[in-house]
>>> print(open('protein_35.txt').read())   # compact mmCIF, C-alpha atoms and all ligand atoms
# COMPACT_ATOMS: atom_id res chain seq x y z
CA MET L 165 17.94 -1.33 13.89
CA PRO L 166 18.55 1.68 11.60
CA ILE L 167 18.96 0.97 7.88
CA ASN L 168 22.22 2.13 6.29
CA THR L 169 22.82 -0.05 3.25
CA ASP L 170 20.98 -1.41 0.22
CA SER L 171 20.99 -4.98 1.54
CA GLU L 172 19.59 -3.81 4.92
CA TRP L 173 16.88 -1.98 2.97
CA ARG L 174 16.00 -5.14 1.05
CA MET L 175 16.06 -7.49 4.04
CA CYS L 176 14.13 -5.29 6.46
CA HIS L 177 10.76 -6.75 7.52
CA ASP L 178 9.66 -3.86 9.69
CA PRO L 179 7.56 -1.33 7.72
CA LEU L 180 7.98 1.40 10.33
CA GLU L 181 11.78 1.12 10.16
CA LEU L 182 11.65 1.53 6.38
CA ILE L 183 9.53 4.64 6.79
CA GLU L 184 11.93 6.02 9.37
CA CYS L 185 14.80 5.55 6.94
CA LEU L 186 12.91 7.46 4.21
CA ASN L 187 11.06 10.03 6.22
CA ASP L 188 12.64 13.32 5.24
CA LYS L 189 13.01 12.25 1.59
CA LEU L 190 9.35 11.36 1.03
CA THR L 191 7.09 13.72 -0.88
CA ASP L 192 3.39 14.24 -0.05
CA GLY L 193 2.32 12.16 -3.04
CA GLU L 194 4.63 9.28 -2.11
CA ARG L 195 3.36 9.33 1.46
CA LEU L 196 -0.23 9.16 0.25
CA LEU L 197 0.51 6.23 -2.07
CA ILE L 198 2.29 4.36 0.72
CA LEU L 199 -0.83 4.78 2.84
CA THR L 200 -3.27 3.71 0.12
CA ALA L 201 -1.08 0.71 -0.84
CA TYR L 202 -0.52 -0.18 2.82
CA THR L 203 -4.23 -0.24 3.53
CA ARG L 204 -5.17 -1.86 0.19
CA PRO L 205 -6.03 -5.34 1.61
CA VAL L 206 -8.69 -3.49 3.64
CA TRP L 207 -10.21 -1.12 1.08
CA THR L 208 -10.35 -3.53 -1.85
CA HIS L 209 -12.28 -6.09 0.20
CA PRO L 210 -15.76 -6.81 -1.29
CA THR L 211 -17.46 -5.31 1.77
CA MET L 212 -15.68 -1.99 1.16
CA VAL L 213 -16.53 -2.15 -2.55
CA GLY L 214 -20.19 -2.59 -1.59
CA ILE L 215 -20.29 0.58 0.53
CA GLY L 216 -18.24 2.77 -1.82
CA VAL L 217 -15.01 3.12 0.20
CA ASN L 218 -12.93 1.66 -2.63
CA VAL L 219 -14.08 4.36 -5.09
CA ALA L 220 -13.11 7.06 -2.62
CA MET L 221 -9.69 5.49 -1.99
CA ASP L 222 -9.09 5.14 -5.73
CA ARG L 223 -9.74 8.89 -6.02
CA LEU L 224 -7.23 9.60 -3.28
CA GLU L 225 -4.62 7.63 -5.24
CA ARG L 226 -5.26 9.74 -8.32
CA ALA L 227 -4.99 12.83 -6.18
CA ALA L 228 -1.43 11.81 -5.32
CA TYR L 229 -0.55 12.52 -8.97
CA GLY L 230 -2.24 15.90 -8.94
CA GLU L 231 -5.15 14.60 -11.04
CA LEU L 232 -7.75 15.99 -8.65
CA ASN L 233 -8.14 19.37 -7.07
CA ARG L 234 -8.71 20.34 -3.42
CA THR L 235 -12.50 20.42 -3.82
CA VAL L 236 -12.60 16.80 -4.96
CA PHE L 237 -10.21 15.93 -2.12
CA ALA L 238 -12.47 17.48 0.46
CA GLY L 239 -15.50 15.78 -1.11
CA THR L 240 -13.78 12.38 -1.00
CA ALA L 241 -12.80 12.80 2.64
CA ALA L 242 -16.41 13.81 3.41
CA VAL L 243 -17.78 10.69 1.67
CA ILE L 244 -15.61 8.39 3.82
CA LYS L 245 -16.54 10.34 6.95
CA GLY L 246 -20.21 9.91 6.02
CA ILE L 247 -19.79 6.14 5.70
CA ARG L 248 -17.95 6.08 9.03
CA ASP L 249 -20.70 8.07 10.78
CA GLU L 250 -23.34 5.77 9.36
CA ILE L 251 -21.59 2.70 10.79
CA GLY L 252 -21.71 4.27 14.25
CA GLU L 253 -19.24 4.50 17.13
CA ALA L 254 -19.98 1.05 18.63
CA ARG L 255 -19.44 -0.89 15.43
CA ILE L 256 -16.36 1.14 14.47
CA ARG L 257 -14.42 -0.30 17.38
CA HIS L 258 -15.88 -3.78 17.46
CA SER L 259 -16.16 -4.97 13.90
CA ILE L 260 -13.61 -5.59 11.18
CA GLU L 261 -15.73 -3.57 8.80
CA GLY L 262 -15.82 -0.66 11.24
CA MET L 263 -12.07 -0.70 11.92
CA SER L 264 -11.36 -0.84 8.20
CA VAL L 265 -13.57 2.18 7.45
CA GLN L 266 -11.92 3.99 10.36
CA LEU L 267 -8.50 3.32 8.85
CA CYS L 268 -9.56 4.67 5.44
CA HIS L 269 -11.04 7.67 7.27
CA GLU L 270 -7.66 8.31 8.96
CA VAL L 271 -5.94 8.25 5.55
CA ALA L 272 -8.50 10.66 4.06
CA GLN L 273 -8.17 12.98 7.07
CA TRP L 274 -4.41 12.95 6.66
CA VAL L 275 -4.91 14.06 3.05
CA ALA L 276 -7.39 16.73 4.09
CA HIS L 277 -5.17 18.16 6.83
CA GLY L 278 -1.68 17.08 5.75
CA THR L 279 -0.28 16.35 9.21
CA GLY L 280 0.64 13.31 11.28
CA PHE L 281 1.82 10.89 8.61
CA ASN L 282 3.74 8.76 11.13
CA GLU L 283 0.70 8.65 13.38
CA VAL L 284 -1.47 7.32 10.54
CA MET L 285 1.21 4.73 9.77
CA GLU L 286 1.15 3.65 13.40
CA ILE L 287 -2.64 3.47 13.44
CA ALA L 288 -2.45 1.29 10.31
CA SER L 289 0.10 -1.02 11.95
CA ASP L 290 -1.98 -1.20 15.10
CA LEU L 291 -5.12 -2.03 13.14
CA LEU L 292 -3.23 -4.79 11.40
CA ARG L 293 -2.06 -6.15 14.75
CA ARG L 294 -5.61 -6.18 16.02
CA LEU L 295 -6.91 -7.85 12.85
CA VAL L 296 -4.34 -10.60 13.28
CA LEU L 297 -5.04 -11.02 16.98
CA PHE L 298 -8.78 -11.42 16.53
CA ARG L 299 -9.45 -14.93 17.67
CA PRO L 300 -10.87 -16.98 14.83
CA SER L 301 -13.66 -19.47 15.43
CA VAL L 302 -12.02 -21.73 12.89
CA ARG L 303 -8.31 -22.27 13.35
CA PRO L 304 -6.41 -21.88 10.09
CA SER L 305 -4.28 -24.79 8.92
CA ARG L 306 -1.42 -22.57 7.75
CA PRO L 307 -0.17 -19.00 8.30
CA MET L 308 -1.96 -16.54 6.03
CA MET L 309 -1.52 -13.14 4.47
CA PRO L 310 -3.84 -10.40 5.80
CA ASN L 311 -5.82 -10.23 2.56
CA GLU L 312 -6.46 -13.98 2.76
CA ILE L 313 -7.93 -13.95 6.24
CA PRO L 314 -11.68 -14.48 5.90
CA TRP L 315 -13.46 -11.72 7.79
CA GLU L 316 -16.29 -13.88 9.05
CA ILE L 317 -13.95 -16.03 11.13
CA PHE L 318 -12.99 -13.17 13.45
CA VAL L 319 -15.09 -13.09 16.58
CA HIS L 320 -13.50 -11.45 19.63
CA LEU L 321 -10.58 -9.18 20.21
CA GLU L 322 -8.01 -10.99 22.33
CA GLY L 323 -5.02 -9.73 24.35
CA GLY L 324 -1.37 -9.59 23.29
CA ILE L 325 0.40 -11.81 20.82
CA ASP L 326 2.24 -13.73 23.60
CA GLY L 327 0.44 -16.95 24.30
CA ARG L 328 -1.19 -17.02 20.86
CA PRO L 329 -0.68 -20.24 18.93
CA SER L 330 2.45 -20.07 16.79
CA ILE L 331 0.35 -20.09 13.63
CA TRP L 332 -0.87 -16.58 14.55
CA LYS L 333 2.63 -15.37 15.27
CA GLU L 334 3.65 -16.59 11.83
CA THR L 335 0.64 -14.90 10.28
CA PHE L 336 1.60 -11.68 12.07
CA THR L 337 5.18 -11.98 10.72
CA ASN L 338 3.77 -12.51 7.22
CA CYS L 339 1.66 -9.37 7.61
CA ARG L 340 4.66 -7.25 8.54
CA ARG L 341 6.71 -8.64 5.69
CA LEU L 342 3.87 -7.96 3.24
CA LEU L 343 3.66 -4.34 4.40
CA ALA L 344 7.44 -3.90 4.18
CA ASP L 345 7.28 -5.25 0.61
CA THR L 346 4.46 -2.79 -0.09
CA ILE L 347 6.73 0.11 0.85
CA ARG L 348 9.50 -1.30 -1.38
CA GLU L 349 6.93 -1.49 -4.20
CA ILE L 350 6.22 2.24 -3.97
CA ILE L 351 9.76 3.44 -3.22
CA ALA L 352 12.88 2.10 -4.94
CA SER L 353 15.93 1.51 -2.74
CA PRO L 354 17.35 4.89 -1.72
CA TYR L 355 20.83 3.30 -1.84
CA VAL L 356 20.92 2.60 -5.58
CA MET L 357 20.58 4.86 -8.59
CA ILE L 358 17.87 3.65 -10.99
CA ARG L 359 18.31 4.91 -14.54
CA LEU L 360 16.09 3.93 -17.45
CA GLU L 361 17.91 4.14 -20.78
CA PRO L 362 15.57 5.50 -23.50
CA GLY L 363 16.70 2.67 -25.85
CA TRP L 364 15.21 0.03 -23.52
CA LEU L 365 11.68 1.23 -24.21
CA ASP L 366 9.52 1.53 -27.31
CA GLU L 367 6.21 3.32 -27.67
CA ASP L 368 4.18 0.13 -27.11
CA MET L 369 5.93 -0.56 -23.82
CA VAL L 370 5.32 2.95 -22.51
CA HIS L 371 1.69 2.74 -23.61
CA GLY L 372 1.34 -0.68 -21.91
CA ALA L 373 2.81 0.70 -18.68
CA PHE L 374 0.40 3.63 -18.79
CA THR L 375 -2.55 1.24 -19.24
CA MET L 376 -1.38 -0.69 -16.16
CA PHE L 377 -1.21 2.57 -14.21
CA GLN L 378 -4.71 3.66 -15.29
CA SER L 379 -6.40 0.31 -14.73
CA SER L 380 -4.43 -0.67 -11.59
CA ASN L 381 -3.96 -4.05 -13.28
CA PHE L 382 -0.30 -5.06 -13.37
CA GLU L 383 -0.55 -8.54 -14.86
CA GLY L 384 1.57 -7.45 -17.84
CA ILE L 385 4.59 -6.38 -15.81
CA GLU L 386 6.44 -9.68 -16.10
CA ARG L 387 6.16 -9.51 -19.90
CA LEU L 388 7.37 -5.91 -19.74
CA GLY L 389 10.47 -7.14 -17.85
CA GLU L 390 11.15 -9.72 -20.59
CA ARG L 391 10.90 -7.05 -23.25
CA LEU L 392 13.21 -4.72 -21.31
CA GLU L 393 15.78 -7.52 -21.14
CA ASP L 394 15.38 -8.25 -24.88
CA ARG L 395 16.11 -4.58 -25.57
CA GLY L 396 19.35 -4.62 -23.63
CA CYS L 397 18.33 -3.71 -20.07
CA GLY L 398 20.70 -5.43 -17.66
CA ASP L 399 19.73 -3.50 -14.53
CA SER L 400 19.05 -6.18 -11.92
CA ASP L 401 16.92 -3.84 -9.75
CA ILE L 402 14.56 -3.20 -12.67
CA LEU L 403 14.44 -6.80 -13.93
CA LEU L 404 13.95 -8.23 -10.45
CA HIS L 405 11.16 -5.78 -9.70
CA CYS L 406 9.25 -7.04 -12.77
CA THR L 407 9.18 -10.52 -11.22
CA ALA L 408 7.73 -9.33 -7.87
CA GLU L 409 4.40 -10.89 -6.98
CA ARG L 410 2.39 -7.77 -6.10
CA HIS L 411 2.23 -4.37 -7.77
CA HIS L 412 -0.01 -1.42 -6.96
CA ARG L 413 -0.71 1.99 -8.37
CA GLY L 414 2.43 3.82 -7.29
CA CYS L 415 4.76 1.00 -8.48
CA TRP L 416 8.07 2.92 -8.76
CA LEU L 417 9.05 1.21 -12.02
CA ILE L 418 5.75 1.85 -13.82
CA ASP L 419 5.85 5.45 -12.57
CA GLU L 420 9.37 5.92 -13.94
CA ILE L 421 8.44 4.45 -17.34
CA THR L 422 5.30 6.58 -17.67
CA ALA L 423 7.02 9.70 -16.24
CA MET L 424 4.22 9.84 -13.66
CA ARG L 425 6.73 9.82 -10.78
CA GLN L 426 7.72 13.36 -11.66
CA ARG L 427 4.09 14.45 -11.25
CA LEU L 428 3.91 12.58 -7.98
CA ARG L 429 6.99 14.39 -6.67
CA ASN L 430 5.51 17.74 -7.62
CA THR L 431 2.13 17.18 -5.96
CA LYS L 432 1.57 19.24 -2.85
CA LEU L 433 -1.29 18.06 -0.70
ZN ZN O 1 5.97 -2.65 -8.88
>>> encode(input="protein_35.txt", output="structure tokens", more="lines below")
Ligand SMILES: [Zn+2]
Amino acid sequence: MPINTDSEWRMCHDPLELIECLNDKLTDGERLLILTAYTRPVWTHPTMVGIGVNVAMDRLERAAYGELNRTVFAGTAAVIKGIRDEIGEARIRHSIEGMSVQLCHEVAQWVAHGTGFNEVMEIASDLLRRLVLFRPSVRPSRPMMPNEIPWEIFVHLEGGIDGRPSIWKETFTNCRRLLADTIREIIASPYVMIRLEPGWLDEDMVHGAFTMFQSSNFEGIERLGERLEDRGCGDSDILLHCTAERHHRGCWLIDEITAMRQRLRNTKL
């Protein structure tokens, strides 16, 4: 169902529908951050940290803000391709580790060549579907988020979602909702006008937001919301966003406070 209003934007649980609603408004940098945030449960996994994929993906995120030049871009894409080649064709398709590296490779290739954003989004959604449909040797006792699913429990790729136990359908629904929330983390509702009044912020708050951006650690955002409210901010979109559970580099609010969003909009990949 196409999205036409702010409440439809907020309630939508289908990440691809959100993208469709935004498509012609997205800049290159925003597209890249949606992809890195979308695939984050995969590339921040300890296995990916161990083989260096996370460092490469972190560089791609910085590139979205124009912090890296084309040479570093190309080098980063080559590093991920090297890791992919080392894993080998057979393991790429039949292991969680392989599929995850393949996904990061697709993102890096998109950056290197700048085409087929929707295709990469679809590959990411498909990978997610396959991760969820891997039959676990131990049945979970409750529906999980994709980043909670222990990799070692996945054994064989099974068929479609029909006929799966309901717990897997619920897990799949959770995954889609999580990804839709990820898009809303990077892009504010296109149906409302967000305006930060200069009086709501002091130097400490801007500095704190910049530290969150640099470190990719957003634990302080709730406190930031409290301070904004103390200083007279009554914007419910801003205050509510500060209470959201997950934030990533590319958080629209942090980017607005630090003025990094302007850089992001100007980045041409
Ligand atoms: Zn955020």
>>> closest_atom_pairs(input="protein_35.txt", of="chain L", to="ligand ZN 1 (chain O)", cutoff="10 Å", atoms="all atoms listed in the file", output="tab-separated table")
residue	atom	partner	partner_atom	distance
L:Asp345	CA	O:ZN1	ZN	9.9
L:Thr346	CA	O:ZN1	ZN	8.9
L:Arg348	CA	O:ZN1	ZN	8.4
L:Glu349	CA	O:ZN1	ZN	4.9
L:Ile350	CA	O:ZN1	ZN	6.9
L:Ile351	CA	O:ZN1	ZN	9.1
L:Ala352	CA	O:ZN1	ZN	9.3
L:Phe382	CA	O:ZN1	ZN	8.1
L:Ile385	CA	O:ZN1	ZN	8.0
L:Ile402	CA	O:ZN1	ZN	9.4
L:Leu404	CA	O:ZN1	ZN	9.9
L:His405	CA	O:ZN1	ZN	6.1
L:Cys406	CA	O:ZN1	ZN	6.7
L:Thr407	CA	O:ZN1	ZN	8.8
L:Ala408	CA	O:ZN1	ZN	7.0
L:Glu409	CA	O:ZN1	ZN	8.6
L:Arg410	CA	O:ZN1	ZN	6.8
L:His411	CA	O:ZN1	ZN	4.3
L:His412	CA	O:ZN1	ZN	6.4
L:Arg413	CA	O:ZN1	ZN	8.1
L:Gly414	CA	O:ZN1	ZN	7.5
L:Cys415	CA	O:ZN1	ZN	3.9
L:Trp416	CA	O:ZN1	ZN	6.0
L:Leu417	CA	O:ZN1	ZN	5.9
L:Ile418	CA	O:ZN1	ZN	6.7
L:Asp419	CA	O:ZN1	ZN	8.9
>>> atom_distance(input="protein_35.txt", atom1="atom CA of L:Gly230", atom2="atom CA of L:Thr200")
15.2 Å
>>> residues_around(input="protein_35.txt", residues="L:Ala228", least_positions_apart="4", cutoff="8 Å", atoms="all atoms listed in the file", output="list in words")
Asp192, Gly193, Glu194, Leu196, Leu197, Leu224, Leu428, Thr431 and Leu433 of chain L
>>> write_last_selection(input="protein_35.txt", atoms="C-alpha atoms", output="compact mmCIF listing (two decimals), in the coordinates of the input")
# COMPACT_ATOMS: atom_id res chain seq x y z
CA ASP L 192 3.39 14.24 -0.05
CA GLY L 193 2.32 12.16 -3.04
CA GLU L 194 4.63 9.28 -2.11
CA LEU L 196 -0.23 9.16 0.25
CA LEU L 197 0.51 6.23 -2.07
CA LEU L 224 -7.23 9.60 -3.28
CA LEU L 428 3.91 12.58 -7.98
CA THR L 431 2.13 17.18 -5.96
CA LEU L 433 -1.29 18.06 -0.70
>>> residues_around(input="protein_35.txt", residues="L:Val275", least_positions_apart="3", cutoff="12 Å", atoms="only C-alpha atoms", output="ChimeraX atom specification")
/L:192-197,199-200,221,223-225,227-228,233-234,236-242,268-272,278-281,284,431-433
>>> atom_distance(input="protein_35.txt", atom1="atom CA of L:Met175", atom2="atom CA of L:Ala344")
9.3 Å
>>> closest_residue(input="protein_35.txt", among="L:Arg226, L:Gly216, L:Met357, L:Met263", to="L:Ile247", atoms="all atoms listed in the file")
L:Gly216
>>> closest_residue(input="protein_35.txt", among="L:Gln378, L:Thr422, L:Thr337, L:Asn218", to="L:Glu231", atoms="all atoms listed in the file")
L:Gln378
>>> closest_residue(input="protein_35.txt", among="L:Glu386, L:Arg248, L:Ile215, L:Val206", to="L:Ala288", atoms="all atoms listed in the file")
L:Val206
>>> atom_distance(input="protein_35.txt", atom1="atom CA of L:Ile287", atom2="atom CA of L:Tyr202")
11.4 Å
